Protein chains: 2
Amino acid sequence: MKKKAVVLSSGGIDSTTAMAIAAQEGFTLFSLSFDYGQRHRCELAAAGRVAVFFNVDKHLVLKIDMGAIGGSALTTDMAVPKEREISDVENDIPVTYVPARNTIFLSYGLAWAEVLAASDIVIGVNAVDYSGYPDCRPAFIQAYQAMANLATKAAVQGHMAVRIHTPLIHMTKAQIIQTGAALGVDYALTHSCYDPSPAGLACGRCDSCVLRRKGFQEAGVPDPTQYSI
Amino acid sequence: MKKKAVVLSSGGIDSTTAMAIAAQEGFTLFSLSFDYGQRHRCELAAAGRVAVFFNVDKHLVLKIDMGAIGGSALTTDMAVPKEREISDVENDIPVTYVPARNTIFLSYGLAWAEVLAASDIVIGVNAVDYSGYPDCRPAFIQAYQAMANLATKAAVQGHMAVRIHTPLIHMTKAQIIQTGAALGVDYALTHSCYDPSPAGLACGRCDSCVLRRKGFQEAGVPDPTQYSI
């Protein structure tokens, strides 16, 4: 029987590439997305397209309330920064940082993994392009895994050692795109923009668009994204 | 200025006593409750009463979707077990176990703490009466705290060392009740039953009622609870 993996899926380049790697490794896929009041909610439609593309066993969208906690431009009406220098994009912790987001997302992944009797959780974090996000670093992931192995009935009763997979953690955006392209990922299905137009076009100017454009250029892979500028 | 603490509040005996201890220690209180599809939703009304009793600075109820994950009698239509032997109640991991619940709750607590610039999170877990729950044990809490200190912008930038307070972790239910009673807690405000009647009366027979009744008896404190049997 194939092993099950819970894959956190945002519908963006990173999580989609992480899913492609998990598929290639032979896991049965369970994709998990979050409707957390993010202003770029068309990423949820992208996550749905990606789930169909990879023929996942189940795609679960959890509606969770992070806007009430506040603290981020992604879940409140703070302005999303535009046209920042690439050096700032790569080194700052921006206002689009969502407090404890990966901690919360992984915790739901852990809960679902326990219910599914899965021991593998896949998250597409990377420490290169998002060096400013504390919860994208290897030290955080290692500490999370150690905690997870003390957190659940399955782990404690000894029949499930939780493993957090971060296949992209040391890749640049360009390497991620090259890896996914080699695995046949159709990046036209994915969405990255933090501040899309009402019609869903990428703004081309937020941090996420800037990193996406630069990634495709450096990868030498055609960028299928429709930008509004 | 008084230090802020985020207190996870279920409206039950344990979290209410933990809040009383935090109040006595001089923290400004921010209470956090979860509407997670639990069948015993009147605990949310209890958490609201407790917040008023302690004059918290803010009481936040987050609506989160755990029922979609399943795996527990508390969030699905599985039967809540009744009239189990006290030895089973104290030693098993029961079907009322919710996968990764404390991991998820603490993660929201961590997010809110970061937004509030609070470094203290209080959770009323205890490893004595709930020895069967992996996420109530000291080893889990220690691992969680280590992870939390790598998870957030505030922790990583060095101005907030997260501390998870578990003042009840080594107390029996009777000791908890004696402690709270000495601090002036009105336990009539609290709610414990997993399967209350439509009018909100405690069933008297679920694990939570069994432990509550036994706790008041052993503490020598009058039990203000209205049980339906």
# chains A, B, ... in the order shown; residues from 1 in each chain; ligands from 1
>>> select_by_dssp(residues="chain A", states="strand (DSSP E)", output="PyMOL selection string")
chain A and resi 4-8+28-35+58-63+120-122+163-165
>>> closest_atom_pairs(of="chain A", to="chain B", cutoff="7 Å", atoms="only C-alpha atoms", output="JSON lines")
{"residue": "A:Leu62", "atom": "CA", "partner": "B:Asp65", "partner_atom": "CA", "distance": 6.0}
{"residue": "A:Lys63", "atom": "CA", "partner": "B:Asp65", "partner_atom": "CA", "distance": 5.9}
{"residue": "A:Ile64", "atom": "CA", "partner": "B:Ile64", "partner_atom": "CA", "distance": 4.7}
{"residue": "A:Asp65", "atom": "CA", "partner": "B:Lys63", "partner_atom": "CA", "distance": 5.9}
{"residue": "A:Ile69", "atom": "CA", "partner": "B:Trp112", "partner_atom": "CA", "distance": 5.6}
{"residue": "A:Gly70", "atom": "CA", "partner": "B:Val115", "partner_atom": "CA", "distance": 7.0}
{"residue": "A:Gly71", "atom": "CA", "partner": "B:Val115", "partner_atom": "CA", "distance": 5.5}
{"residue": "A:Pro99", "atom": "CA", "partner": "B:Ala111", "partner_atom": "CA", "distance": 4.9}
{"residue": "A:Ala100", "atom": "CA", "partner": "B:Ala111", "partner_atom": "CA", "distance": 4.9}
{"residue": "A:Thr103", "atom": "CA", "partner": "B:Ser107", "partner_atom": "CA", "distance": 6.0}
{"residue": "A:Ile104", "atom": "CA", "partner": "B:Ser107", "partner_atom": "CA", "distance": 5.3}
{"residue": "A:Ser107", "atom": "CA", "partner": "B:Ile104", "partner_atom": "CA", "distance": 5.3}
{"residue": "A:Tyr108", "atom": "CA", "partner": "B:Ile104", "partner_atom": "CA", "distance": 6.7}
{"residue": "A:Leu110", "atom": "CA", "partner": "B:Ala100", "partner_atom": "CA", "distance": 6.6}
{"residue": "A:Ala111", "atom": "CA", "partner": "B:Pro99", "partner_atom": "CA", "distance": 4.8}
{"residue": "A:Trp112", "atom": "CA", "partner": "B:Ile69", "partner_atom": "CA", "distance": 5.6}
{"residue": "A:Glu114", "atom": "CA", "partner": "B:Pro99", "partner_atom": "CA", "distance": 6.6}
{"residue": "A:Val115", "atom": "CA", "partner": "B:Gly71", "partner_atom": "CA", "distance": 5.4}
{"residue": "A:Pro134", "atom": "CA", "partner": "B:Ala151", "partner_atom": "CA", "distance": 5.6}
{"residue": "A:Asp135", "atom": "CA", "partner": "B:Ala151", "partner_atom": "CA", "distance": 4.9}
{"residue": "A:Phe140", "atom": "CA", "partner": "B:Leu150", "partner_atom": "CA", "distance": 5.2}
{"residue": "A:Ala143", "atom": "CA", "partner": "B:Met147", "partner_atom": "CA", "distance": 4.8}
{"residue": "A:Tyr144", "atom": "CA", "partner": "B:Met147", "partner_atom": "CA", "distance": 5.6}
{"residue": "A:Ala146", "atom": "CA", "partner": "B:Ala143", "partner_atom": "CA", "distance": 6.7}
{"residue": "A:Met147", "atom": "CA", "partner": "B:Ala143", "partner_atom": "CA", "distance": 4.8}
{"residue": "A:Leu150", "atom": "CA", "partner": "B:Phe140", "partner_atom": "CA", "distance": 5.2}
{"residue": "A:Ala151", "atom": "CA", "partner": "B:Asp135", "partner_atom": "CA", "distance": 4.9}
{"residue": "A:Thr152", "atom": "CA", "partner": "B:Pro134", "partner_atom": "CA", "distance": 5.8}
{"residue": "A:Lys153", "atom": "CA", "partner": "B:Pro134", "partner_atom": "CA", "distance": 6.0}
{"residue": "A:Val156", "atom": "CA", "partner": "B:Pro134", "partner_atom": "CA", "distance": 6.6}
>>> atom_distance(atom1="CA of Gln24 (chain A)", atom2="CA of Ala161 (chain A)")
21.6 Å
>>> atom_distance(atom1="CA of Gly184 (chain A)", atom2="CA of Gly26 (chain A)")
15.3 Å
>>> residues_around(residues="region 172-177 of chain B", least_positions_apart="2", cutoff="8 Å", atoms="only C-alpha atoms", output="MDAnalysis selection string")
chainID B and resid 13:14 17 126 128:129 168 170 179:181 211:212 214:219 221
>>> write_last_selection(atoms="N, CA and C atoms", output="short mmCIF file (atom, residue, chain, number, x, y, z; two decimals), in the first residue's frame")
data_model
loop_
_atom_site.label_atom_id
_atom_site.label_comp_id
_atom_site.auth_asym_id
_atom_site.auth_seq_id
_atom_site.Cartn_x
_atom_site.Cartn_y
_atom_site.Cartn_z
N ILE B 13 -13.00 23.99 34.69
CA ILE B 13 -12.33 24.19 35.99
C ILE B 13 -10.84 24.52 35.79
N ASP B 14 -10.19 23.77 34.91
CA ASP B 14 -8.73 23.89 34.83
C ASP B 14 -8.31 25.24 34.27
N THR B 17 -9.02 28.07 36.67
CA THR B 17 -8.08 28.13 37.79
C THR B 17 -6.73 28.68 37.32
N ASN B 126 -3.26 19.45 32.69
CA ASN B 126 -2.64 18.73 33.79
C ASN B 126 -2.41 17.29 33.41
N VAL B 128 -2.01 14.80 35.44
CA VAL B 128 -2.42 13.81 36.45
C VAL B 128 -3.76 13.20 36.06
N ASP B 129 -4.80 14.02 36.02
CA ASP B 129 -6.11 13.48 35.69
C ASP B 129 -6.23 13.13 34.21
N LEU B 168 -0.92 24.12 36.48
CA LEU B 168 -1.67 23.00 37.06
C LEU B 168 -1.07 21.65 36.72
N HIS B 170 1.07 19.51 37.48
CA HIS B 170 1.31 18.40 38.41
C HIS B 170 0.25 18.31 39.51
N THR B 179 -7.02 25.09 45.06
CA THR B 179 -6.24 26.28 44.71
C THR B 179 -7.15 27.40 44.23
N GLY B 180 -8.06 27.04 43.32
CA GLY B 180 -8.97 28.04 42.78
C GLY B 180 -9.90 28.59 43.85
N ALA B 181 -10.41 27.71 44.69
CA ALA B 181 -11.32 28.14 45.75
C ALA B 181 -10.61 29.14 46.67
N LEU B 211 -14.81 13.19 36.45
CA LEU B 211 -13.62 13.79 37.07
C LEU B 211 -13.98 15.04 37.89
N ARG B 212 -14.93 15.81 37.39
CA ARG B 212 -15.34 17.02 38.11
C ARG B 212 -15.96 16.67 39.46
N LYS B 214 -15.72 13.93 41.22
CA LYS B 214 -14.71 13.32 42.10
C LYS B 214 -13.78 14.41 42.66
N GLY B 215 -13.44 15.39 41.80
CA GLY B 215 -12.54 16.46 42.23
C GLY B 215 -13.13 17.28 43.36
N PHE B 216 -14.39 17.68 43.23
CA PHE B 216 -15.02 18.45 44.31
C PHE B 216 -15.12 17.62 45.59
N GLN B 217 -15.49 16.34 45.43
CA GLN B 217 -15.58 15.48 46.62
C GLN B 217 -14.24 15.40 47.34
N GLU B 218 -13.18 15.12 46.59
CA GLU B 218 -11.86 14.95 47.20
C GLU B 218 -11.32 16.27 47.76
N ALA B 219 -11.72 17.38 47.10
CA ALA B 219 -11.24 18.69 47.58
C ALA B 219 -11.96 19.14 48.84
N VAL B 221 -14.77 20.64 48.71
CA VAL B 221 -15.37 21.92 48.33
C VAL B 221 -16.77 21.59 47.78
#
>>> select_by_dssp(residues="region 18-59 of chain B", states="alpha helix (DSSP H)", output="list in words")
Ala18, Met19, Ala20, Ile21, Ala22, Ala23, Gln24, Cys42, Glu43, Leu44, Ala45, Ala46, Ala47, Gly48, Arg49, Val50, Ala51, Val52 and Phe53 of chain B
>>> atom_distance(atom1="CA of Gly220 (chain A)", atom2="CA of Ala182 (chain A)")
12.3 Å
>>> residues_around(residues="Arg41 (chain B)", least_positions_apart="6", cutoff="10 Å", atoms="only C-alpha atoms", output="PyMOL selection string")
chain B and resi 10+34-35+191+193-196+200
